[in-house]
Amino acid sequence: MKNFKKNSQNSLWKNLITIVLLFILLTSLFSFLDTSKTAPKKVTLGELAQSVSEDAVESVEIKTGEDFQDITIKLKDGTIETVTKDKETSLETVLREDYGVAQEKIVALTISRVQKSSAEVWAAALLPTIITLAFIGFLLYIMFGKAQQANTQAMSFGKSTARFFKPGDVKKKISFKDVAGAREAKEELREVVEFLKNPEKFQKLGARIPRGVLLLGAPGTGKTLLAKAVAGEADVPFFNISGSEFVEMFVGVGASRVRDLFKNAKKNAPSILFIDEIDAVGRHRGAGLGGGHDEREQTLNQILVEMDGFDTKDNVIVIAATNRPDVLDPALLRPGRFDRRVMIDLPDIKDREAILKVHAKNKPIGKDINLKKVAQRTPGFSGADLFNLLNEAAILAAKKNKEIIENEEVLESIEKVLMGPERKGKVFLEKEKKITAYHEAGHALIGHLLPNTDPIHKISIVSRGRAAGYTLNLPQEDRNFRTKSEFIDELAMLMGGYAAEKIIFEDLTTGASNDLKRASELARSIITKYGMSEKLGPIVFGEHSDTVFLGKEIHEQRNYSEKIAAAIDEEVGVFLNEALKTATEIIEKNKDKLEKITKRLLEVEVIEKEEFEALMA
């Protein structure tokens, strides 16, 4: 901080000296040019007398001051001359008696006389100096004003940058009605609202107001929105800041901002202090490569100290949000700091429908749109994804010059959010298009005929994202558990495209690479993570280290031998080969249906659920 001030002052004086020198140089230059160009010629009284005798003078102007007379002579050729004399004797007398100029010449002169005031004399003498000093003073005022501003900024460097929302702001007020879904989370947070509204009710029974509430959930699940809703329901001031806003290049600034933030929150109590993405400063201490004395750790230490410093009468609740609870320092999570942990899951089908209704309020939605079916078709979507879905649908409708959003735009937006925009401009060879059609038909056929797979909703050979084609299968309802039979059938469906290419073309392409990758990862998870291998038994293989660097695990610890590792690899091969065998048998038995799906795909490029089920019937 001292270096910052010193550098600012040095720069200030350098700029000041440069400006003053430049001003003096320019003033001197302009003064010289002006003098050399416009200054009248100075002459003697004898030269004036000669000009009068020769009838060369057009007019004479005499300005009388306190002691002298300034005489300005204008010659008939336009030349201006000046001469100075004492004011004791008149010009006519001097010309006649001292220089012998004839009386008729003097009488013929046009002479005008002006009396100089003392103020005019002083102004003429001092005005240039006053203007110069005033200009320099103005420059000094500006420069020192900037220095004061820089000093003020330096002093306020450690002030909190949190955004403050007043409770009376109706336009920005958010309540639980504005947050669809998250029923359990809202119920948990209603207690916090009650604490803020009526703390005496709990203090009478010896209950302590919770100091911290940690919101845990995937990105886009509405953690920030819920925090604002708590402040809106309790009608208290709301301080909003991100964890990354504490960290600066100067050590100690973050801790200073934490102190200032908690000070302001206590001053406005009862209030809510919301720290978004707290994992930016709250990660495990002592895990980095640069030692423990860094800015992030100092900031975290100050947060811990401030939360411990809450008095029982301080009605300030700290709400923090993160999607990485696994990287947080244990000191943050102990009782007395973040007492409550509220888990916000991805919305289920009912919550998705409610969220869609909220986002559809201000949009002209067509009568053909069934939001329940849209919710059914979007498993795994967060609240942010659903907002993006309807926003993309509105953009598509606007592009088509429609006045309402129809079902066509909504369905297209679902796939756009999932896999990216259609790439209709990408040209495929006829052979490649045919391979893609058989490949996707293989997936769809296996998915339809096996009992434990999700229903097929759409088959397309229109390129979207990085995929040349895709088969969309979605569950009828949300599931919390998966069975081994479901995994086995999913593996067979993933192998469907590979098997179809091998049977029809007796060759393989790179188009199945992503399917093979997903199948291999799923098979390994079945064995090592879920313990579903009959050969290796109900054992979980592999452990992750607790050592964290930059929020990620450095390595995975193997708690099994090389012999077991070989057995796992062998078992993965068994699962994949069995899945390929199942897919091959089904395709060979139902080759006519495969041909029917492929033919239709090559004709229309996209087959929806109803048409596909009609083909299979």
# chains A, B, ... in the order shown; residues from 1 in each chain; ligands from 1
$ residues_around --residues "His448 in chain A" --least-positions-apart "6" --cutoff "9 Å" --atoms "only C-alpha atoms" --output "PyMOL selection string"
chain A and resi 454-456+613+616
$ write_last_selection --atoms "N, CA and C atoms" --output "PDB file, in the first residue's frame"
ATOM      1  N   ASP A 454     -35.383 -46.770 -21.410  1.00  0.00           N
ATOM      2  CA  ASP A 454     -36.337 -45.660 -21.454  1.00  0.00           C
ATOM      3  C   ASP A 454     -36.965 -45.560 -22.837  1.00  0.00           C
ATOM      4  N   PRO A 455     -38.209 -45.069 -22.931  1.00  0.00           N
ATOM      5  CA  PRO A 455     -38.893 -44.966 -24.231  1.00  0.00           C
ATOM      6  C   PRO A 455     -38.148 -44.042 -25.201  1.00  0.00           C
ATOM      7  N   ILE A 456     -38.216 -44.401 -26.490  1.00  0.00           N
ATOM      8  CA  ILE A 456     -37.599 -43.584 -27.540  1.00  0.00           C
ATOM      9  C   ILE A 456     -38.528 -42.417 -27.860  1.00  0.00           C
ATOM     10  N   GLU A 613     -43.335 -45.495 -32.881  1.00  0.00           N
ATOM     11  CA  GLU A 613     -44.127 -46.579 -32.296  1.00  0.00           C
ATOM     12  C   GLU A 613     -45.059 -47.192 -33.330  1.00  0.00           C
ATOM     13  N   MET A 616     -42.974 -49.588 -35.343  1.00  0.00           N
ATOM     14  CA  MET A 616     -42.672 -50.806 -34.587  1.00  0.00           C
ATOM     15  C   MET A 616     -43.906 -51.694 -34.446  1.00  0.00           C
TER      16      MET A 616
END
$ residues_around --residues "Ser271 in chain A" --least-positions-apart "2" --cutoff "8 Å" --atoms "only C-alpha atoms" --output "PDB file with N, CA and C atoms, in the first residue's frame"
ATOM      1  N   LEU A 196     -35.501 -14.153  11.957  1.00  0.00           N
ATOM      2  CA  LEU A 196     -35.263 -12.736  11.681  1.00  0.00           C
ATOM      3  C   LEU A 196     -36.460 -11.870  12.046  1.00  0.00           C
ATOM      4  N   ALA A 231     -34.523 -12.978   2.281  1.00  0.00           N
ATOM      5  CA  ALA A 231     -34.478 -11.562   2.650  1.00  0.00           C
ATOM      6  C   ALA A 231     -35.802 -10.875   2.339  1.00  0.00           C
ATOM      7  N   VAL A 236     -35.790  -7.722   5.355  1.00  0.00           N
ATOM      8  CA  VAL A 236     -34.593  -7.197   6.014  1.00  0.00           C
ATOM      9  C   VAL A 236     -33.572  -6.796   4.950  1.00  0.00           C
ATOM     10  N   PRO A 237     -32.579  -5.962   5.302  1.00  0.00           N
ATOM     11  CA  PRO A 237     -31.523  -5.609   4.342  1.00  0.00           C
ATOM     12  C   PRO A 237     -30.752  -6.838   3.875  1.00  0.00           C
ATOM     13  N   PHE A 238     -30.286  -6.784   2.631  1.00  0.00           N
ATOM     14  CA  PHE A 238     -29.634  -7.935   2.003  1.00  0.00           C
ATOM     15  C   PHE A 238     -28.296  -7.485   1.410  1.00  0.00           C
ATOM     16  N   PHE A 239     -27.209  -8.068   1.899  1.00  0.00           N
ATOM     17  CA  PHE A 239     -25.867  -7.788   1.379  1.00  0.00           C
ATOM     18  C   PHE A 239     -25.441  -8.969   0.507  1.00  0.00           C
ATOM     19  N   ALA A 265     -23.131  -5.131   8.029  1.00  0.00           N
ATOM     20  CA  ALA A 265     -24.268  -6.024   8.264  1.00  0.00           C
ATOM     21  C   ALA A 265     -24.789  -5.888   9.692  1.00  0.00           C
ATOM     22  N   LYS A 266     -23.863  -5.777  10.659  1.00  0.00           N
ATOM     23  CA  LYS A 266     -24.275  -5.616  12.057  1.00  0.00           C
ATOM     24  C   LYS A 266     -24.949  -4.262  12.275  1.00  0.00           C
ATOM     25  N   ASN A 268     -26.786  -2.710  10.191  1.00  0.00           N
ATOM     26  CA  ASN A 268     -28.130  -2.743   9.608  1.00  0.00           C
ATOM     27  C   ASN A 268     -28.958  -3.924  10.117  1.00  0.00           C
ATOM     28  N   ALA A 269     -28.519  -4.550  11.218  1.00  0.00           N
ATOM     29  CA  ALA A 269     -29.241  -5.714  11.747  1.00  0.00           C
ATOM     30  C   ALA A 269     -30.676  -5.339  12.115  1.00  0.00           C
ATOM     31  N   LEU A 273     -26.511 -11.590   5.114  1.00  0.00           N
ATOM     32  CA  LEU A 273     -25.252 -11.416   4.391  1.00  0.00           C
ATOM     33  C   LEU A 273     -25.061 -12.657   3.518  1.00  0.00           C
ATOM     34  N   ASN A 315     -28.683  -9.953  15.148  1.00  0.00           N
ATOM     35  CA  ASN A 315     -29.609 -10.643  14.246  1.00  0.00           C
ATOM     36  C   ASN A 315     -29.084 -10.582  12.814  1.00  0.00           C
ATOM     37  N   VAL A 316     -27.895 -11.129  12.609  1.00  0.00           N
ATOM     38  CA  VAL A 316     -27.283 -11.199  11.282  1.00  0.00           C
ATOM     39  C   VAL A 316     -27.070 -12.664  10.945  1.00  0.00           C
ATOM     40  N   ILE A 317     -27.617 -13.078   9.805  1.00  0.00           N
ATOM     41  CA  ILE A 317     -27.455 -14.466   9.366  1.00  0.00           C
ATOM     42  C   ILE A 317     -26.648 -14.484   8.080  1.00  0.00           C
TER      43      ILE A 317
END
$ select_by_dssp --residues "range 182-413 of chain A" --states "strand (DSSP E or B)" --output "count of residues only"
33
$ residues_around --residues "Glu408 in chain A" --least-positions-apart "6" --cutoff "10 Å" --atoms "only C-alpha atoms" --output "PyMOL selection string"
chain A and resi 368-369+393+396-397
$ residues_around --residues "range 529-538 of chain A" --least-positions-apart "6" --cutoff "8 Å" --atoms "only C-alpha atoms" --output "number ranges by chain"
A: 484, 567-568, 571
$ atom_distance --atom1 "CA of Glu585 in chain A" --atom2 "CA of Gly442 in chain A"
11.6 Å
$ residues_around --residues "Asp329 in chain A" --least-positions-apart "3" --cutoff "6 Å" --atoms "only C-alpha atoms" --output "list of chain:residue names"
A:Gly282, A:Arg283, A:His284, A:Leu332
$ write_last_selection --atoms "all heavy atoms" --output "mmCIF file, in the first residue's frame"
data_model
loop_
_atom_site.group_PDB
_atom_site.id
_atom_site.type_symbol
_atom_site.label_atom_id
_atom_site.label_comp_id
_atom_site.auth_asym_id
_atom_site.auth_seq_id
_atom_site.Cartn_x
_atom_site.Cartn_y
_atom_site.Cartn_z
ATOM 1 N N GLY A 282 -13.128 -20.377 0.533
ATOM 2 C CA GLY A 282 -13.322 -21.311 1.636
ATOM 3 C C GLY A 282 -12.744 -22.688 1.434
ATOM 4 O O GLY A 282 -13.100 -23.620 2.153
ATOM 5 N N ARG A 283 -11.824 -22.851 0.453
ATOM 6 C CA ARG A 283 -11.252 -24.182 0.217
ATOM 7 C C ARG A 283 -10.311 -24.581 1.346
ATOM 8 O O ARG A 283 -9.884 -23.753 2.150
ATOM 9 C CB ARG A 283 -10.502 -24.208 -1.123
ATOM 10 C CG ARG A 283 -11.408 -24.038 -2.309
ATOM 11 C CD ARG A 283 -10.671 -24.414 -3.588
ATOM 12 N NE ARG A 283 -9.522 -23.551 -3.817
ATOM 13 C CZ ARG A 283 -9.557 -22.433 -4.498
ATOM 14 N NH1 ARG A 283 -10.703 -22.011 -4.998
ATOM 15 N NH2 ARG A 283 -8.469 -21.711 -4.678
ATOM 16 N N HIS A 284 -9.964 -25.863 1.362
ATOM 17 C CA HIS A 284 -9.060 -26.395 2.383
ATOM 18 C C HIS A 284 -7.808 -25.539 2.498
ATOM 19 O O HIS A 284 -7.182 -25.195 1.493
ATOM 20 C CB HIS A 284 -8.646 -27.825 2.030
ATOM 21 C CG HIS A 284 -9.683 -28.851 2.362
ATOM 22 N ND1 HIS A 284 -9.791 -29.429 3.598
ATOM 23 C CD2 HIS A 284 -10.663 -29.392 1.599
ATOM 24 C CE1 HIS A 284 -10.803 -30.295 3.589
ATOM 25 N NE2 HIS A 284 -11.349 -30.286 2.385
ATOM 26 N N LEU A 332 -15.126 -24.232 8.433
ATOM 27 C CA LEU A 332 -16.344 -23.522 8.028
ATOM 28 C C LEU A 332 -17.596 -24.308 8.395
ATOM 29 O O LEU A 332 -18.656 -23.727 8.630
ATOM 30 C CB LEU A 332 -16.340 -23.276 6.521
ATOM 31 C CG LEU A 332 -15.717 -21.994 5.980
ATOM 32 C CD1 LEU A 332 -15.727 -22.022 4.458
ATOM 33 C CD2 LEU A 332 -16.456 -20.766 6.485
#
$ residues_around --residues "Ser242 in chain A" --least-positions-apart "3" --cutoff "9 Å" --atoms "only C-alpha atoms" --output "number ranges by chain"
A: 162, 245-246, 274-278, 280
$ write_last_selection --atoms "N, CA and C atoms" --output "PDB file, in the first residue's frame"
ATOM      1  N   ALA A 162     -19.757  -5.177  -1.493  1.00  0.00           N
ATOM      2  CA  ALA A 162     -21.032  -5.908  -1.521  1.00  0.00           C
ATOM      3  C   ALA A 162     -22.157  -5.017  -2.040  1.00  0.00           C
ATOM      4  N   GLU A 245     -14.771 -11.769  -4.959  1.00  0.00           N
ATOM      5  CA  GLU A 245     -14.611 -10.323  -4.792  1.00  0.00           C
ATOM      6  C   GLU A 245     -13.776  -9.968  -3.574  1.00  0.00           C
ATOM      7  N   PHE A 246     -13.529 -10.923  -2.685  1.00  0.00           N
ATOM      8  CA  PHE A 246     -12.680 -10.663  -1.532  1.00  0.00           C
ATOM      9  C   PHE A 246     -11.201 -10.688  -1.911  1.00  0.00           C
ATOM     10  N   PHE A 274     -25.109 -12.472   2.224  1.00  0.00           N
ATOM     11  CA  PHE A 274     -25.052 -13.617   1.291  1.00  0.00           C
ATOM     12  C   PHE A 274     -23.708 -13.644   0.570  1.00  0.00           C
ATOM     13  N   ILE A 275     -22.989 -14.748   0.712  1.00  0.00           N
ATOM     14  CA  ILE A 275     -21.700 -14.952   0.037  1.00  0.00           C
ATOM     15  C   ILE A 275     -21.888 -16.041  -1.008  1.00  0.00           C
ATOM     16  N   ASP A 276     -21.885 -15.653  -2.258  1.00  0.00           N
ATOM     17  CA  ASP A 276     -22.053 -16.618  -3.351  1.00  0.00           C
ATOM     18  C   ASP A 276     -20.694 -17.231  -3.706  1.00  0.00           C
ATOM     19  N   GLU A 277     -20.721 -18.495  -4.136  1.00  0.00           N
ATOM     20  CA  GLU A 277     -19.491 -19.213  -4.511  1.00  0.00           C
ATOM     21  C   GLU A 277     -18.437 -19.084  -3.413  1.00  0.00           C
ATOM     22  N   ILE A 278     -18.797 -19.498  -2.207  1.00  0.00           N
ATOM     23  CA  ILE A 278     -17.881 -19.359  -1.076  1.00  0.00           C
ATOM     24  C   ILE A 278     -16.652 -20.250  -1.220  1.00  0.00           C
ATOM     25  N   ALA A 280     -14.607 -20.142  -3.427  1.00  0.00           N
ATOM     26  CA  ALA A 280     -13.498 -19.342  -3.961  1.00  0.00           C
ATOM     27  C   ALA A 280     -12.531 -18.923  -2.860  1.00  0.00           C
TER      28      ALA A 280
END
$ closest_residue --among "A:Met307, A:Ile142, A:Ile488, A:Val52" --to "Leu576 in chain A" --atoms "only C-alpha atoms"
A:Ile488
$ residues_around --residues "Glu233 in chain A" --least-positions-apart "6" --cutoff "8 Å" --atoms "only C-alpha atoms" --output "PDB file with C-alpha atoms, in the first residue's frame"
ATOM      1  CA  ILE A 174     -38.407 -11.569  -4.220  1.00  0.00           C
ATOM      2  CA  SER A 175     -40.498 -13.931  -2.117  1.00  0.00           C
ATOM      3  CA  PHE A 176     -40.897 -17.712  -1.925  1.00  0.00           C
ATOM      4  CA  VAL A 193     -37.258 -16.069   8.186  1.00  0.00           C
TER       5      VAL A 193
END
$ select_by_dssp --residues "range 227-469 of chain A" --states "helix (DSSP H, G or I)" --output "mmCIF file with C-alpha atoms, in the first residue's frame"
data_model
loop_
_atom_site.group_PDB
_atom_site.id
_atom_site.type_symbol
_atom_site.label_atom_id
_atom_site.label_comp_id
_atom_site.auth_asym_id
_atom_site.auth_seq_id
_atom_site.Cartn_x
_atom_site.Cartn_y
_atom_site.Cartn_z
ATOM 1 C CA ALA A 227 -31.217 -16.362 -0.530
ATOM 2 C CA LYS A 228 -32.897 -13.253 -1.967
ATOM 3 C CA ALA A 229 -36.307 -14.798 -1.256
ATOM 4 C CA VAL A 230 -35.369 -15.270 2.420
ATOM 5 C CA ALA A 231 -34.478 -11.562 2.650
ATOM 6 C CA GLY A 232 -37.704 -10.656 0.850
ATOM 7 C CA GLU A 233 -39.858 -12.789 3.141
ATOM 8 C CA ALA A 234 -38.166 -11.438 6.276
ATOM 9 C CA GLY A 243 -16.362 -15.091 -2.802
ATOM 10 C CA SER A 244 -14.012 -14.033 -5.587
ATOM 11 C CA GLU A 245 -14.611 -10.323 -4.792
ATOM 12 C CA VAL A 253 -7.255 -6.590 1.405
ATOM 13 C CA GLY A 254 -9.701 -9.510 1.477
ATOM 14 C CA ALA A 255 -9.592 -9.671 5.283
ATOM 15 C CA SER A 256 -10.177 -5.917 5.450
ATOM 16 C CA ARG A 257 -13.199 -6.225 3.159
ATOM 17 C CA VAL A 258 -14.585 -9.030 5.322
ATOM 18 C CA ARG A 259 -14.317 -6.841 8.426
ATOM 19 C CA ASP A 260 -16.028 -3.948 6.682
ATOM 20 C CA LEU A 261 -18.781 -6.190 5.302
ATOM 21 C CA PHE A 262 -19.628 -7.722 8.685
ATOM 22 C CA LYS A 263 -19.483 -4.279 10.285
ATOM 23 C CA ASN A 264 -22.074 -2.942 7.825
ATOM 24 C CA ALA A 265 -24.268 -6.024 8.264
ATOM 25 C CA LYS A 266 -24.275 -5.616 12.057
ATOM 26 C CA LYS A 267 -25.024 -1.902 11.696
ATOM 27 C CA ASP A 279 -15.553 -22.119 -2.286
ATOM 28 C CA ALA A 280 -13.498 -19.342 -3.961
ATOM 29 C CA VAL A 281 -12.158 -18.395 -0.503
ATOM 30 C CA GLY A 282 -13.322 -21.311 1.636
ATOM 31 C CA GLU A 295 -4.484 -13.840 0.480
ATOM 32 C CA ARG A 296 -7.211 -16.498 0.190
ATOM 33 C CA GLU A 297 -6.348 -18.109 3.511
ATOM 34 C CA GLN A 298 -6.153 -14.755 5.291
ATOM 35 C CA THR A 299 -9.624 -13.941 3.970
ATOM 36 C CA LEU A 300 -11.004 -17.299 5.132
ATOM 37 C CA ASN A 301 -9.458 -16.839 8.588
ATOM 38 C CA GLN A 302 -11.135 -13.435 8.891
ATOM 39 C CA ILE A 303 -14.528 -14.898 7.900
ATOM 40 C CA LEU A 304 -14.149 -17.547 10.623
ATOM 41 C CA VAL A 305 -13.189 -14.922 13.215
ATOM 42 C CA GLU A 306 -16.099 -12.647 12.295
ATOM 43 C CA MET A 307 -18.617 -15.496 12.523
ATOM 44 C CA ASP A 308 -17.254 -16.419 15.941
ATOM 45 C CA PRO A 325 -19.073 -28.713 -0.655
ATOM 46 C CA ASP A 326 -16.351 -31.362 -0.844
ATOM 47 C CA VAL A 327 -13.578 -28.741 -1.119
ATOM 48 C CA PRO A 330 -13.797 -28.235 7.856
ATOM 49 C CA ALA A 331 -13.563 -25.131 10.052
ATOM 50 C CA LEU A 332 -16.344 -23.522 8.028
ATOM 51 C CA LEU A 333 -18.657 -26.480 8.505
ATOM 52 C CA ILE A 349 -40.989 -33.556 -12.745
ATOM 53 C CA LYS A 350 -43.500 -31.627 -10.576
ATOM 54 C CA ASP A 351 -40.952 -28.944 -9.752
ATOM 55 C CA ARG A 352 -39.915 -28.660 -13.400
ATOM 56 C CA GLU A 353 -43.538 -28.093 -14.402
ATOM 57 C CA ALA A 354 -43.910 -25.408 -11.700
ATOM 58 C CA ILE A 355 -40.672 -23.701 -12.799
ATOM 59 C CA LEU A 356 -41.804 -23.733 -16.434
ATOM 60 C CA LYS A 357 -45.090 -22.082 -15.404
ATOM 61 C CA VAL A 358 -43.175 -19.305 -13.613
ATOM 62 C CA HIS A 359 -40.924 -18.632 -16.610
ATOM 63 C CA LEU A 371 -45.872 -27.968 -19.891
ATOM 64 C CA LYS A 372 -46.287 -31.309 -18.115
ATOM 65 C CA LYS A 373 -45.004 -33.129 -21.208
ATOM 66 C CA VAL A 374 -42.174 -30.608 -21.517
ATOM 67 C CA ALA A 375 -41.260 -31.308 -17.872
ATOM 68 C CA GLN A 376 -41.381 -35.043 -18.599
ATOM 69 C CA GLY A 383 -34.060 -24.151 -13.122
ATOM 70 C CA ALA A 384 -31.543 -22.173 -15.188
ATOM 71 C CA ASP A 385 -31.760 -24.779 -17.978
ATOM 72 C CA LEU A 386 -35.554 -24.514 -18.033
ATOM 73 C CA PHE A 387 -35.381 -20.716 -18.227
ATOM 74 C CA ASN A 388 -32.897 -21.049 -21.080
ATOM 75 C CA LEU A 389 -35.185 -23.546 -22.810
ATOM 76 C CA LEU A 390 -38.179 -21.162 -22.921
ATOM 77 C CA ASN A 391 -35.917 -18.249 -23.828
ATOM 78 C CA GLU A 392 -34.515 -20.197 -26.800
ATOM 79 C CA ALA A 393 -38.073 -21.106 -27.815
ATOM 80 C CA ALA A 394 -39.031 -17.411 -27.765
ATOM 81 C CA ILE A 395 -35.981 -16.555 -29.902
ATOM 82 C CA LEU A 396 -36.856 -19.282 -32.426
ATOM 83 C CA ALA A 397 -40.472 -18.055 -32.630
ATOM 84 C CA ALA A 398 -39.277 -14.487 -33.190
ATOM 85 C CA LYS A 399 -36.976 -15.658 -35.993
ATOM 86 C CA ASN A 407 -44.864 -26.616 -29.362
ATOM 87 C CA GLU A 408 -42.530 -26.932 -32.338
ATOM 88 C CA GLU A 409 -40.172 -24.254 -30.957
ATOM 89 C CA VAL A 410 -40.240 -25.734 -27.440
ATOM 90 C CA LEU A 411 -39.311 -29.237 -28.630
ATOM 91 C CA GLU A 412 -36.513 -27.881 -30.799
ATOM 92 C CA SER A 413 -35.205 -25.818 -27.878
ATOM 93 C CA ILE A 414 -34.993 -28.914 -25.654
ATOM 94 C CA GLU A 415 -32.627 -30.562 -28.119
ATOM 95 C CA LYS A 416 -30.716 -27.322 -28.637
ATOM 96 C CA VAL A 417 -30.076 -27.026 -24.900
ATOM 97 C CA LEU A 418 -29.113 -30.707 -24.672
ATOM 98 C CA MET A 419 -26.890 -31.064 -27.742
ATOM 99 C CA GLU A 430 -24.657 -40.302 -49.323
ATOM 100 C CA LYS A 431 -22.746 -43.260 -47.886
ATOM 101 C CA GLU A 432 -22.089 -41.447 -44.587
ATOM 102 C CA LYS A 433 -25.744 -40.484 -44.325
ATOM 103 C CA LYS A 434 -26.739 -44.114 -44.844
ATOM 104 C CA ILE A 435 -24.263 -45.306 -42.187
ATOM 105 C CA THR A 436 -25.646 -42.724 -39.732
ATOM 106 C CA ALA A 437 -29.222 -43.847 -40.444
ATOM 107 C CA TYR A 438 -28.426 -47.532 -39.777
ATOM 108 C CA HIS A 439 -26.423 -46.574 -36.686
ATOM 109 C CA GLU A 440 -29.273 -44.585 -35.096
ATOM 110 C CA ALA A 441 -31.830 -47.185 -36.182
ATOM 111 C CA GLY A 442 -29.761 -49.786 -34.307
ATOM 112 C CA HIS A 443 -29.894 -47.725 -31.095
ATOM 113 C CA ALA A 444 -33.635 -47.141 -31.447
ATOM 114 C CA LEU A 445 -34.455 -50.782 -32.217
ATOM 115 C CA ILE A 446 -32.527 -52.124 -29.190
ATOM 116 C CA GLY A 447 -33.970 -49.409 -26.948
ATOM 117 C CA HIS A 448 -37.503 -50.255 -28.034
ATOM 118 C CA LEU A 449 -37.279 -54.040 -27.734
#
